[in-house]
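Notes for the one structure printed next.
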Amino acid sequence: MKKQGKGQFSGSTESWIHRAWRRFLRHRLAVGAAVVIGLLYLVAVFAPWLAPYDPIDDIFVTRRLDGPSLQHPFGVDEVGRDLLSRVIWGSRISLTVGFVAASISLVLGVTFGALAGYFGGVIDTVIMRIVDLLMAIPPILLIIAVVAALGPSFTNVIIVIGATGWTQYARVTRGEFVSLREEEFVESARALGSKTTRIVFYHILPNCLAPIIVLATLNVATAVLIETSLSFLGFGVQPPVASWGNILTPGRQYLRHAPHIATIPGIAISITVLAFNLAGDGLRDALDPKMDV
Amino acid sequence: MTQFVIRRLILSVFIILGVSVIVFMLMHMAPGDPVRVVAGLDAPPEVVEAIRQEWGFDQPLYTQYLRWLRRAARLDFGRSAITGETVAYSIMSRLPNTIKLNLSAYAFALLVGIPLGIVSALKHYSTVDYVATVGALVGISMPSFWLGLILIIIFSVNLGWLPSFGAGTLAHYVLPTLALGTAQVALLMRVSRSSMLEVMQKDYIRTARSKGLGERLVIYKHMLKNAAIPVVTVIGFRLAYVVGGSVIIETVFSWPGIGRLAVNSLHSRDYFVTQGVVFLSSLCIVLVNLLVDVSYAFLDPRVRYS
Amino acid sequence: MVMSNLRAKRIALLVALVFALGAVAMACAPEEVEEDPVDEPDDEPRYGGTFVVSMYSDITHMNPFMHTDGASNIVSSVIHQGLIGYRHNNEITALLAEDWDVSEDGLTWTFYLREGVKWHDGEEFTAEDVAYTYELILDPETASPRRADFTPIDRVEVLDDYTLEVVTEEPYASLLDKVGTRGIVAKHHVEEHGLEDYNQHPLGTGPFEFEEWQPDDKIVLSRFDDYWEGKPYLEELEFVVIPEPSVRQMAMETGEVHFNWWGVPDEDIPAMQESDDIEVLQYLQTDFHMLILNNNHPFFEDYRARQAIAHAIDQDAIVDNFAEHSGVVGYGPYSEAYGDFYNPDVLTKFPYDPDKALDILGDLGWEENDDGVLEDEDGEEFEFDAMVRAGDEQRINELVMMQSWLRDIGIKMNIQELEWSLVLERLTETREYDACIVQFGASPDPDHYTIFHPEGGFWIGQYDNERVNELLEKGRSVIDPEEREVYYDEYQEITSYEQAVIFLYHSQNTSTVNQRFEGMKDGKPAGQMQLIHEVWDTEAEGE
């Protein structure tokens, strides 16, 4: 489906990356988004030092549902826990879900896509039929059904989101491989006696990176939102662990009388997802303006 | 061509069968069955057993599956263990609601998303482009149930303009359409923007311009026509996901649709209903994919199928 | 026919409304601002109006003997009636039976049925219908979840059109509760249409008759003019399904919903009580909230271990925080709503006392290890999982609090959020779980055989105490209430002392009703709805 010029790597690798980087920097929103993402990860990494209280154990019974104050800048939640601390710790869980799930999808999808695209034949048929099969089930239903089968937990939520989201990567990678394996520079590498692994990793894969990176960035955003949805539907990370979905879901009951509990994690989720979406958009424009993933 | 369609049809049948096996296995892997939900907390074991036998849930898995398949082949999808209604009735009484809501959301997304995309593409990298892009992205970046509740608080509770729940009148469509459509706006905008950008660089557009045709005419005659194809494709693909796409919006807005039915049936392990819903939705997806492929073959003679 | 009739009524209503609006507009025209019309005396009930009731989930069965869920029970009990019913004060009220008596040996119950009661299709209600209904329930083919309530029945005999004899094999004390309250279906109707699609055409003797059911959306009932207690005031009754709890609350505030019987969040109750538009009705339920500890689990086998847990949990704090306006601390299986059967004197209280809890656990061989966790001689840590229904925010919050108290004394309790079907399976089938937090709403009859007896279906926590088993068996086979009281006193005493489960609190059923409607009484939701024919709309047009 893509008709853009292939084999940019026949030119200088350095200059291609350089050009992409310059294009990305020109996309100011995307740069801003990347900075936000960086900050979010810093918060997640340094959560134990940043959070003023323990997100689970410190329960201030008498301050339940209290709004923001000096002691509790984000207020207190419906059990009596400091909301700021929970949101900070929640960033760990939610970003981990997003990042790890997207990584699992990426690895699975690229592997299967590459296998299918490079070897073709029976392998291709089998893999692509599996992809067809998985794509024929509405994603949210598939995820819920698998979580129901495995039981909801932090690890299972990650695994399920990761393991059900790889089909798009597989399609994209396969498409790139199919068109690239016949390209001249691959043919010549093969003629020169390069090993298959070398051809795949040095000659073909780098050329498919652009769409895959963009896909992965957007995928993190989707995974964070899916985690929230799963919590809402009762299939999410188990309480009392603080994930953003886990803070937002019970908090929504108090939207009228203690709005801070649902508003703050809601904003945190929206900012995070927005940042990944913007970064993804910027990357797309920088790496390949005509790409339509 | 005919051969291609026939082969794809056969393949589709296998995909749908495969989906039904996967869903059946997943549901039975999940612990629990609907009988306890039916019988209640304090039902004595013999009552529970009797209900279980009545529904055949005590049979081995493959027997249950084959029985389901045999009946499904005759278009009999069984009955809900929870309500005793036929699965066909359970689905058909809700499906129109979901379709209507999705159509309304798409109409909204089309009306907003495509003009936004076109404007963004024409004013590439301008303030308009930025604002439109960010605005659309904010829409898909909010958890949908959160957005939905906020809409209800503003428009139903505080302003009192619109109903807070239910379906039926036109007013009931406004909030769920907004909540569901906002997510699609970004998608349509993105697709129409990028396909416009691509078309704009094409030679024939440049030629048309150099021939001195008015800018407006160029846009309308050539660019829009050519940019429409990917947009239509995306809409087609998205419509296939109607069944699963609005689960959360249906719950928040008390919309009596198929998504809620699917999730509720999964929760209560109402096997036949889940099977029925997934069967229907995979049928939609497979058929839409087939249609898209076939229409490609017609539209673009270069596409060959081997 | 029915539909067009309904449509005609609607059009009439609409026309009336338009005129009414016009009238209001004209009345508003003078510069003088009108006084609040609420002050006008509204003593005279008026006919007309639609009453909108919200439900948390759709009904499952209209059929009175096929459902076990609250929503179905409420809708079905407006359409169908039993021989007797519990109305707002939980007192047994004569409905389709005018009177009844029991033979000396306690085996034969004779019911004298009300004459002149009509089915919604105009046919006469007779004893044949009752016998037919009971036989249907007893027929294994029907697969009724209520069958066990009826199995003590030996035979049902129709003496004449309005006299019915129910003979049991053994004295069956809770027959009125378990059998008498069950809704009756019409023989001629079921014989003609069958039971399979009963949801599409339910037919009863209640104050409202079925119009339409839009699954997951709403159920519309219309007034039954020939209702035996007199023509109901309301013209229409609409049950709407609103799955999202916060929206149910908001719809009540906007006035779109007039009655919400389920899940008013505790925090919202004071605001509702102050509201001019909404009236809060509360009624203590015959339920109990508990933390079930699996008695087969080695940690909890010994009742002293359960007592220790009870000491480690601050019941009062749980009620203060999560059920301040809707809960009463409870120490045993009966709440005050059980009337004479409730005996506070025999109950044991376990005040919050972590040191005492530790002492008891120390006696049982639990020692604190280096990580501050309790450990037995074999080095096994005191760690267990507590199940809770997914999405049940209140109970999840309660567990979170308990978790921190238990952690204080070195016990690790993990919260396990599971789907309801799964919770049920583990509680009642595989019986493999450590602990579970749950509310159980029992019927107002004190018979807890199905709840605590090993032969009962629920058999909470696999609690197996020979004396309690014996008491439960005796209590259900004796008709004399005073004798039953003796057995149930001891039953309360033992289960409370041994903490058969960790008793937490009893809850007030909290329902809210729009002030515009008069005549709604407090009580159990199903009881409240049984008086729906007395409810009227102060803004109705009248007829």
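The chains in the structure tokens are called A, B, ... from first to last as shown; in each chain the residues are counted from 1, and the ligands are counted from 1 in the order shown.
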Contacts of chain B with chain A up to 9 Å, shortest pair per row, only C-alpha atoms, as JSON lines:
```
{"residue": "B:Leu11", "atom": "CA", "partner": "A:Arg129", "partner_atom": "CA", "distance": 8.9}
{"residue": "B:Phe14", "atom": "CA", "partner": "A:Leu133", "partner_atom": "CA", "distance": 8.9}
{"residue": "B:Ile15", "atom": "CA", "partner": "A:Leu133", "partner_atom": "CA", "distance": 5.5}
{"residue": "B:Ile16", "atom": "CA", "partner": "A:Leu133", "partner_atom": "CA", "distance": 7.7}
{"residue": "B:Gly18", "atom": "CA", "partner": "A:Leu133", "partner_atom": "CA", "distance": 6.7}
{"residue": "B:Val19", "atom": "CA", "partner": "A:Leu133", "partner_atom": "CA", "distance": 6.2}
{"residue": "B:Val23", "atom": "CA", "partner": "A:Ala145", "partner_atom": "CA", "distance": 7.5}
{"residue": "B:Leu26", "atom": "CA", "partner": "A:Ala149", "partner_atom": "CA", "distance": 5.8}
{"residue": "B:Met27", "atom": "CA", "partner": "A:Ala149", "partner_atom": "CA", "distance": 6.6}
{"residue": "B:His28", "atom": "CA", "partner": "A:Ala149", "partner_atom": "CA", "distance": 7.7}
{"residue": "B:Met29", "atom": "CA", "partner": "A:Ala149", "partner_atom": "CA", "distance": 5.2}
{"residue": "B:Ala30", "atom": "CA", "partner": "A:Ala149", "partner_atom": "CA", "distance": 3.7}
{"residue": "B:Pro31", "atom": "CA", "partner": "A:Ala149", "partner_atom": "CA", "distance": 6.9}
{"residue": "B:Tyr125", "atom": "CA", "partner": "A:His27", "partner_atom": "CA", "distance": 8.3}
{"residue": "B:Tyr130", "atom": "CA", "partner": "A:Leu29", "partner_atom": "CA", "distance": 8.0}
{"residue": "B:Thr133", "atom": "CA", "partner": "A:Leu278", "partner_atom": "CA", "distance": 8.6}
{"residue": "B:Val134", "atom": "CA", "partner": "A:Leu278", "partner_atom": "CA", "distance": 7.6}
{"residue": "B:Leu137", "atom": "CA", "partner": "A:Leu274", "partner_atom": "CA", "distance": 6.3}
{"residue": "B:Val138", "atom": "CA", "partner": "A:Leu274", "partner_atom": "CA", "distance": 6.1}
{"residue": "B:Gly139", "atom": "CA", "partner": "A:Leu274", "partner_atom": "CA", "distance": 8.9}
{"residue": "B:Ile140", "atom": "CA", "partner": "A:Leu274", "partner_atom": "CA", "distance": 7.9}
{"residue": "B:Ser141", "atom": "CA", "partner": "A:Ser270", "partner_atom": "CA", "distance": 4.9}
{"residue": "B:Met142", "atom": "CA", "partner": "A:Ser270", "partner_atom": "CA", "distance": 4.7}
{"residue": "B:Pro143", "atom": "CA", "partner": "A:Leu225", "partner_atom": "CA", "distance": 6.2}
{"residue": "B:Ser144", "atom": "CA", "partner": "A:Ser229", "partner_atom": "CA", "distance": 8.1}
{"residue": "B:Phe145", "atom": "CA", "partner": "A:Ser229", "partner_atom": "CA", "distance": 7.9}
{"residue": "B:Trp146", "atom": "CA", "partner": "A:Gly266", "partner_atom": "CA", "distance": 6.9}
{"residue": "B:Leu147", "atom": "CA", "partner": "A:Gly266", "partner_atom": "CA", "distance": 8.9}
{"residue": "B:Leu149", "atom": "CA", "partner": "A:Arg252", "partner_atom": "CA", "distance": 8.0}
{"residue": "B:Ile150", "atom": "CA", "partner": "A:Leu255", "partner_atom": "CA", "distance": 8.3}
{"residue": "B:Ile153", "atom": "CA", "partner": "A:Arg256", "partner_atom": "CA", "distance": 8.0}
{"residue": "B:Arg190", "atom": "CA", "partner": "A:Asp292", "partner_atom": "CA", "distance": 8.6}
{"residue": "B:Val191", "atom": "CA", "partner": "A:Asp292", "partner_atom": "CA", "distance": 7.0}
{"residue": "B:Ser194", "atom": "CA", "partner": "A:Lys290", "partner_atom": "CA", "distance": 6.4}
{"residue": "B:Ser195", "atom": "CA", "partner": "A:Lys290", "partner_atom": "CA", "distance": 7.7}
{"residue": "B:Leu197", "atom": "CA", "partner": "A:Lys290", "partner_atom": "CA", "distance": 7.4}
{"residue": "B:Glu198", "atom": "CA", "partner": "A:Lys290", "partner_atom": "CA", "distance": 6.0}
{"residue": "B:Ala240", "atom": "CA", "partner": "A:Pro138", "partner_atom": "CA", "distance": 8.8}
{"residue": "B:Tyr241", "atom": "CA", "partner": "A:Pro138", "partner_atom": "CA", "distance": 6.0}
{"residue": "B:Val242", "atom": "CA", "partner": "A:Pro138", "partner_atom": "CA", "distance": 8.5}
{"residue": "B:Val243", "atom": "CA", "partner": "A:Pro138", "partner_atom": "CA", "distance": 7.1}
{"residue": "B:Gly244", "atom": "CA", "partner": "A:Pro138", "partner_atom": "CA", "distance": 5.1}
{"residue": "B:Gly245", "atom": "CA", "partner": "A:Pro138", "partner_atom": "CA", "distance": 7.5}
{"residue": "B:Val247", "atom": "CA", "partner": "A:Ile140", "partner_atom": "CA", "distance": 8.3}
{"residue": "B:Ile248", "atom": "CA", "partner": "A:Ser229", "partner_atom": "CA", "distance": 7.6}
{"residue": "B:Gly259", "atom": "CA", "partner": "A:Leu141", "partner_atom": "CA", "distance": 8.8}
{"residue": "B:Ala262", "atom": "CA", "partner": "A:Leu141", "partner_atom": "CA", "distance": 7.6}
{"residue": "B:Val263", "atom": "CA", "partner": "A:Leu141", "partner_atom": "CA", "distance": 7.4}
{"residue": "B:Leu266", "atom": "CA", "partner": "A:Ala145", "partner_atom": "CA", "distance": 7.0}
{"residue": "B:His267", "atom": "CA", "partner": "A:Ala148", "partner_atom": "CA", "distance": 8.2}
{"residue": "B:Val278", "atom": "CA", "partner": "A:Ile137", "partner_atom": "CA", "distance": 6.8}
{"residue": "B:Phe279", "atom": "CA", "partner": "A:Ile137", "partner_atom": "CA", "distance": 8.7}
{"residue": "B:Ser281", "atom": "CA", "partner": "A:Ile137", "partner_atom": "CA", "distance": 7.0}
{"residue": "B:Ser282", "atom": "CA", "partner": "A:Ala136", "partner_atom": "CA", "distance": 4.8}
{"residue": "B:Leu283", "atom": "CA", "partner": "A:Ala136", "partner_atom": "CA", "distance": 7.8}
{"residue": "B:Cys284", "atom": "CA", "partner": "A:Ala136", "partner_atom": "CA", "distance": 8.5}
{"residue": "B:Ile285", "atom": "CA", "partner": "A:Ala136", "partner_atom": "CA", "distance": 5.7}
{"residue": "B:Val286", "atom": "CA", "partner": "A:Ala136", "partner_atom": "CA", "distance": 6.3}
```
Please find the residues of chain C near chain A - the criterion being any atom within 8 Å, counting only C-alpha atoms - and write them as a compact mmCIF listing (two decimals) with C-alpha atoms, in the first residue's frame.
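Final output, out.txt:
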```
# COMPACT_ATOMS: atom_id res chain seq x y z
CA PRO C 245 -24.06 4.54 39.51
CA SER C 246 -23.06 8.20 39.29
CA ASP C 268 -24.59 11.63 49.09
CA ASN C 321 -16.39 5.89 57.02
CA ALA C 390 -15.23 -6.43 40.76
CA GLY C 391 -16.43 -2.86 40.70
CA GLU C 393 -16.26 0.20 45.21
CA ILE C 396 -13.20 -2.65 47.99
CA ASN C 397 -12.65 0.46 50.10
CA VAL C 400 -8.42 -1.57 51.83
CA MET C 401 -8.98 -0.30 55.36
CA SER C 404 -4.02 -1.79 56.73
CA ILE C 415 -7.36 -7.98 47.73
CA GLN C 416 -8.66 -10.02 44.85
CA GLU C 417 -11.19 -8.29 42.63
CA LEU C 418 -13.19 -10.93 40.77
CA GLU C 419 -16.23 -11.10 38.58
```
Problem set entry | Exercise answer, chain B residues close to chain C, 6 Å and only C-alpha atoms, as a PyMOL selection string | chain B and resi 32+37+39-45+51+83+157+252+254+256+268
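Put simply, atom CA of Leu281 of chain C is 5.2 Å away from atom CA of Ser511 of chain C.
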Exercise. Neighbours of Gly206 of chain C within 9 Å (only C-alpha atoms; same-chain residues fewer than 3 positions away dropped), as an NGL selection string?
Worked result: :C and (77-81 or 119-120 or 203 or 209 or 224 or 227-228 or 530)
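Reported to one decimal place, the separation of atom CA of Asn514 of chain C from atom CA of Glu279 of chain C is 6.2 Å.
With only C-alpha atoms as the atoms that count, the minimum distance from Glu183 of chain A to the choices A:Thr164, A:Asn207, A:Ser105, A:Thr196 is reached by A:Asn207.
Between Leu472 of chain C and the residues C:Tyr488, C:Tyr233, C:Phe322, C:Phe51, the shortest atom-to-atom distance, using only C-alpha atoms, involves C:Tyr488.
Non-sequential neighbours of segment 211-214 of chain A (distance at most 8 Å, separation of 6 or more positions within a chain, only C-alpha atoms) are Leu106, Tyr169, Val172, Thr173, Gly280, Asp281, Leu283, Arg284, Met291 and Val293 of chain A.
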Problem set entry | Selection: 9 Å around Trp55 of chain B, only C-alpha atoms, excl. self and same-chain fewer than 4 positions, as a ChimeraX atom specification | /B:35,50-51,81
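Computed from the coordinates, the atom CA of Ile137 of chain C to atom CA of Lys178 of chain C distance equals 12.2 Å.
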For this session: Fewer than 2 positions away in the same chain doesn't count, so skip those; otherwise give me all residues within 12 Å of Pro298 of chain C, counting only C-alpha atoms, as an MDAnalysis selection string.
Result: chainID C and resid 293:296 300:303 305:306 364 376 380 382:384 433:434
Residues as selected, N, CA and C atoms, written as a compact mmCIF listing (two decimals), in the first residue's frame, can you do that?
```txt
# COMPACT_ATOMS: atom_id res chain seq x y z
N LEU C 293 -14.53 -15.84 56.35
CA LEU C 293 -13.23 -16.50 56.42
C LEU C 293 -13.51 -17.99 56.23
N ASN C 294 -12.85 -18.59 55.29
CA ASN C 294 -13.11 -20.00 55.00
C ASN C 294 -12.72 -20.87 56.21
N ASN C 295 -13.72 -21.47 56.84
CA ASN C 295 -13.49 -22.28 58.03
C ASN C 295 -12.65 -23.52 57.75
N ASN C 296 -12.54 -23.90 56.49
CA ASN C 296 -11.70 -25.06 56.16
C ASN C 296 -10.24 -24.67 55.99
N PHE C 300 -7.98 -20.34 59.70
CA PHE C 300 -9.23 -19.87 60.29
C PHE C 300 -10.07 -20.98 60.92
N GLU C 301 -9.56 -22.20 60.89
CA GLU C 301 -10.29 -23.33 61.46
C GLU C 301 -10.73 -23.07 62.89
N ASP C 302 -9.78 -22.56 63.67
CA ASP C 302 -10.02 -22.33 65.08
C ASP C 302 -10.81 -21.03 65.25
N TYR C 303 -11.93 -21.12 65.99
CA TYR C 303 -12.74 -19.91 66.09
C TYR C 303 -11.98 -18.78 66.77
N ALA C 305 -9.01 -17.84 66.16
CA ALA C 305 -8.33 -17.07 65.12
C ALA C 305 -9.30 -16.05 64.51
N ARG C 306 -10.54 -16.49 64.33
CA ARG C 306 -11.54 -15.57 63.77
C ARG C 306 -11.86 -14.46 64.76
N LEU C 364 -2.14 -19.13 69.65
CA LEU C 364 -2.36 -20.13 68.59
C LEU C 364 -1.06 -20.48 67.87
N ASP C 376 3.86 -19.14 61.53
CA ASP C 376 3.61 -20.26 62.44
C ASP C 376 4.89 -21.07 62.62
N GLU C 380 5.40 -20.70 58.00
CA GLU C 380 4.46 -20.19 57.01
C GLU C 380 3.92 -18.83 57.45
N PHE C 382 1.41 -15.58 57.68
CA PHE C 382 -0.04 -15.37 57.73
C PHE C 382 -0.43 -14.45 56.58
N GLU C 383 -0.68 -15.08 55.43
CA GLU C 383 -1.02 -14.32 54.24
C GLU C 383 -2.20 -14.98 53.57
N PHE C 384 -3.21 -14.20 53.21
CA PHE C 384 -4.35 -14.78 52.52
C PHE C 384 -4.98 -13.79 51.55
N TYR C 433 -11.27 -20.86 48.56
CA TYR C 433 -10.94 -19.43 48.67
C TYR C 433 -10.49 -19.24 50.10
N ASP C 434 -9.89 -18.09 50.38
CA ASP C 434 -9.46 -17.83 51.75
C ASP C 434 -10.48 -16.98 52.47
```
Problem set entry | Shell of 12 Å around Trp261 of chain C, only C-alpha atoms, local chain residues under 4 positions omitted, as an MDAnalysis selection string | chainID C and resid 52:56 70:71 74 239 245 248:249 252 257 265 279:283 508:514 520:529
Could you save those same residues with N, CA and C atoms as a tab-separated table (two decimals), in the first residue's frame?
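Generated file (part_9.tsv):
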```tsv
chain	number	residue	atom	x	y	z
C	52	VAL	N	-41.06	7.20	37.06
C	52	VAL	CA	-39.87	6.59	36.46
C	52	VAL	C	-38.97	6.05	37.57
C	53	VAL	N	-38.66	4.77	37.48
C	53	VAL	CA	-37.85	4.10	38.48
C	53	VAL	C	-36.55	3.66	37.82
C	54	SER	N	-35.41	3.92	38.47
C	54	SER	CA	-34.16	3.48	37.84
C	54	SER	C	-33.70	2.15	38.41
C	55	MET	N	-33.08	1.38	37.56
C	55	MET	CA	-32.54	0.09	37.97
C	55	MET	C	-31.07	0.03	37.59
C	56	TYR	N	-30.27	-0.74	38.34
C	56	TYR	CA	-28.84	-0.82	38.06
C	56	TYR	C	-28.54	-1.79	36.94
C	70	GLY	N	-32.45	-8.78	42.17
C	70	GLY	CA	-33.30	-7.74	42.74
C	70	GLY	C	-34.16	-7.02	41.72
C	71	ALA	N	-33.58	-6.67	40.57
C	71	ALA	CA	-34.32	-5.89	39.58
C	71	ALA	C	-35.55	-6.67	39.09
C	74	ILE	N	-38.36	-6.88	41.66
C	74	ILE	CA	-39.15	-5.68	41.84
C	74	ILE	C	-40.14	-5.48	40.70
C	239	PHE	N	-39.60	1.54	34.17
C	239	PHE	CA	-38.35	1.13	34.81
C	239	PHE	C	-37.23	1.35	33.81
C	245	PRO	N	-23.48	4.04	38.26
C	245	PRO	CA	-24.06	4.54	39.51
C	245	PRO	C	-24.10	6.06	39.61
C	248	ARG	N	-27.04	7.35	37.71
C	248	ARG	CA	-28.32	7.11	38.39
C	248	ARG	C	-28.61	8.24	39.37
C	249	GLN	N	-27.56	8.63	40.06
C	249	GLN	CA	-27.66	9.69	41.04
C	249	GLN	C	-28.02	11.02	40.37
C	252	MET	N	-31.53	11.35	39.09
C	252	MET	CA	-32.45	11.62	40.19
C	252	MET	C	-32.47	13.13	40.47
C	257	VAL	N	-35.53	10.84	36.74
C	257	VAL	CA	-35.91	9.61	37.43
C	257	VAL	C	-36.59	10.03	38.72
C	265	PRO	N	-25.02	6.46	47.15
C	265	PRO	CA	-23.74	6.43	47.87
C	265	PRO	C	-23.91	7.09	49.24
C	279	GLU	N	-36.84	13.15	48.53
C	279	GLU	CA	-37.08	12.62	49.87
C	279	GLU	C	-36.26	11.34	50.01
C	280	VAL	N	-35.61	11.18	51.15
C	280	VAL	CA	-34.82	9.98	51.38
C	280	VAL	C	-35.61	9.04	52.28
C	281	LEU	N	-35.77	7.80	51.84
C	281	LEU	CA	-36.48	6.80	52.63
C	281	LEU	C	-35.48	5.73	53.05
C	282	GLN	N	-35.45	5.47	54.35
C	282	GLN	CA	-34.49	4.45	54.80
C	282	GLN	C	-35.20	3.36	55.57
C	283	TYR	N	-34.72	2.17	55.40
C	283	TYR	CA	-35.34	1.07	56.10
C	283	TYR	C	-34.29	0.02	56.41
C	508	GLN	N	-29.09	-0.03	56.02
C	508	GLN	CA	-30.38	0.55	55.79
C	508	GLN	C	-30.55	0.58	54.29
C	509	ASN	N	-31.65	0.05	53.82
C	509	ASN	CA	-31.91	0.25	52.41
C	509	ASN	C	-32.27	1.72	52.23
C	510	THR	N	-31.51	2.39	51.38
C	510	THR	CA	-31.76	3.81	51.19
C	510	THR	C	-32.31	4.01	49.79
C	511	SER	N	-33.51	4.54	49.73
C	511	SER	CA	-34.07	4.85	48.42
C	511	SER	C	-34.42	6.32	48.41
C	512	THR	N	-34.46	6.89	47.22
C	512	THR	CA	-34.79	8.29	47.10
C	512	THR	C	-35.99	8.43	46.18
C	513	VAL	N	-36.88	9.33	46.54
C	513	VAL	CA	-38.06	9.53	45.72
C	513	VAL	C	-38.25	11.03	45.50
C	514	ASN	N	-38.67	11.37	44.32
C	514	ASN	CA	-38.92	12.77	43.99
C	514	ASN	C	-40.12	13.27	44.78
C	520	MET	N	-45.25	7.24	48.65
C	520	MET	CA	-44.21	6.22	48.69
C	520	MET	C	-43.82	6.01	50.15
C	521	LYS	N	-43.78	4.76	50.58
C	521	LYS	CA	-43.41	4.48	51.96
C	521	LYS	C	-42.02	3.88	52.01
C	522	ASP	N	-41.40	3.94	53.19
C	522	ASP	CA	-40.08	3.33	53.30
C	522	ASP	C	-40.23	1.82	53.39
C	523	GLY	N	-39.11	1.13	53.22
C	523	GLY	CA	-39.18	-0.31	53.31
C	523	GLY	C	-38.27	-0.97	52.30
C	524	LYS	N	-38.36	-2.29	52.26
C	524	LYS	CA	-37.60	-3.01	51.24
C	524	LYS	C	-38.14	-2.58	49.89
C	525	PRO	N	-37.26	-2.50	48.88
C	525	PRO	CA	-37.72	-2.02	47.57
C	525	PRO	C	-38.94	-2.81	47.07
C	526	ALA	N	-38.88	-4.13	47.20
C	526	ALA	CA	-39.99	-4.92	46.68
C	526	ALA	C	-41.25	-4.61	47.46
C	527	GLY	N	-41.11	-4.36	48.77
C	527	GLY	CA	-42.26	-3.99	49.59
C	527	GLY	C	-42.78	-2.62	49.21
C	528	GLN	N	-41.84	-1.70	48.96
C	528	GLN	CA	-42.25	-0.36	48.55
C	528	GLN	C	-43.06	-0.43	47.27
C	529	MET	N	-42.58	-1.24	46.33
C	529	MET	CA	-43.26	-1.30	45.04
C	529	MET	C	-44.61	-1.98	45.16
```
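Comparing A:Val107, A:Ala101, A:Val131, A:Leu287 by their smallest distance to Gly162 of chain A, the closest is A:Ala101 (using only C-alpha atoms).
DSSP on the backbone gives alpha helix (DSSP H) for these parts of segment 53-84 of chain B: Gln53, Glu54, Trp55, Leu61, Tyr62, Thr63, Gln64, Tyr65, Leu66, Arg67, Trp68, Leu69, Arg70, Arg71, Ala72 and Ala73 of chain B.
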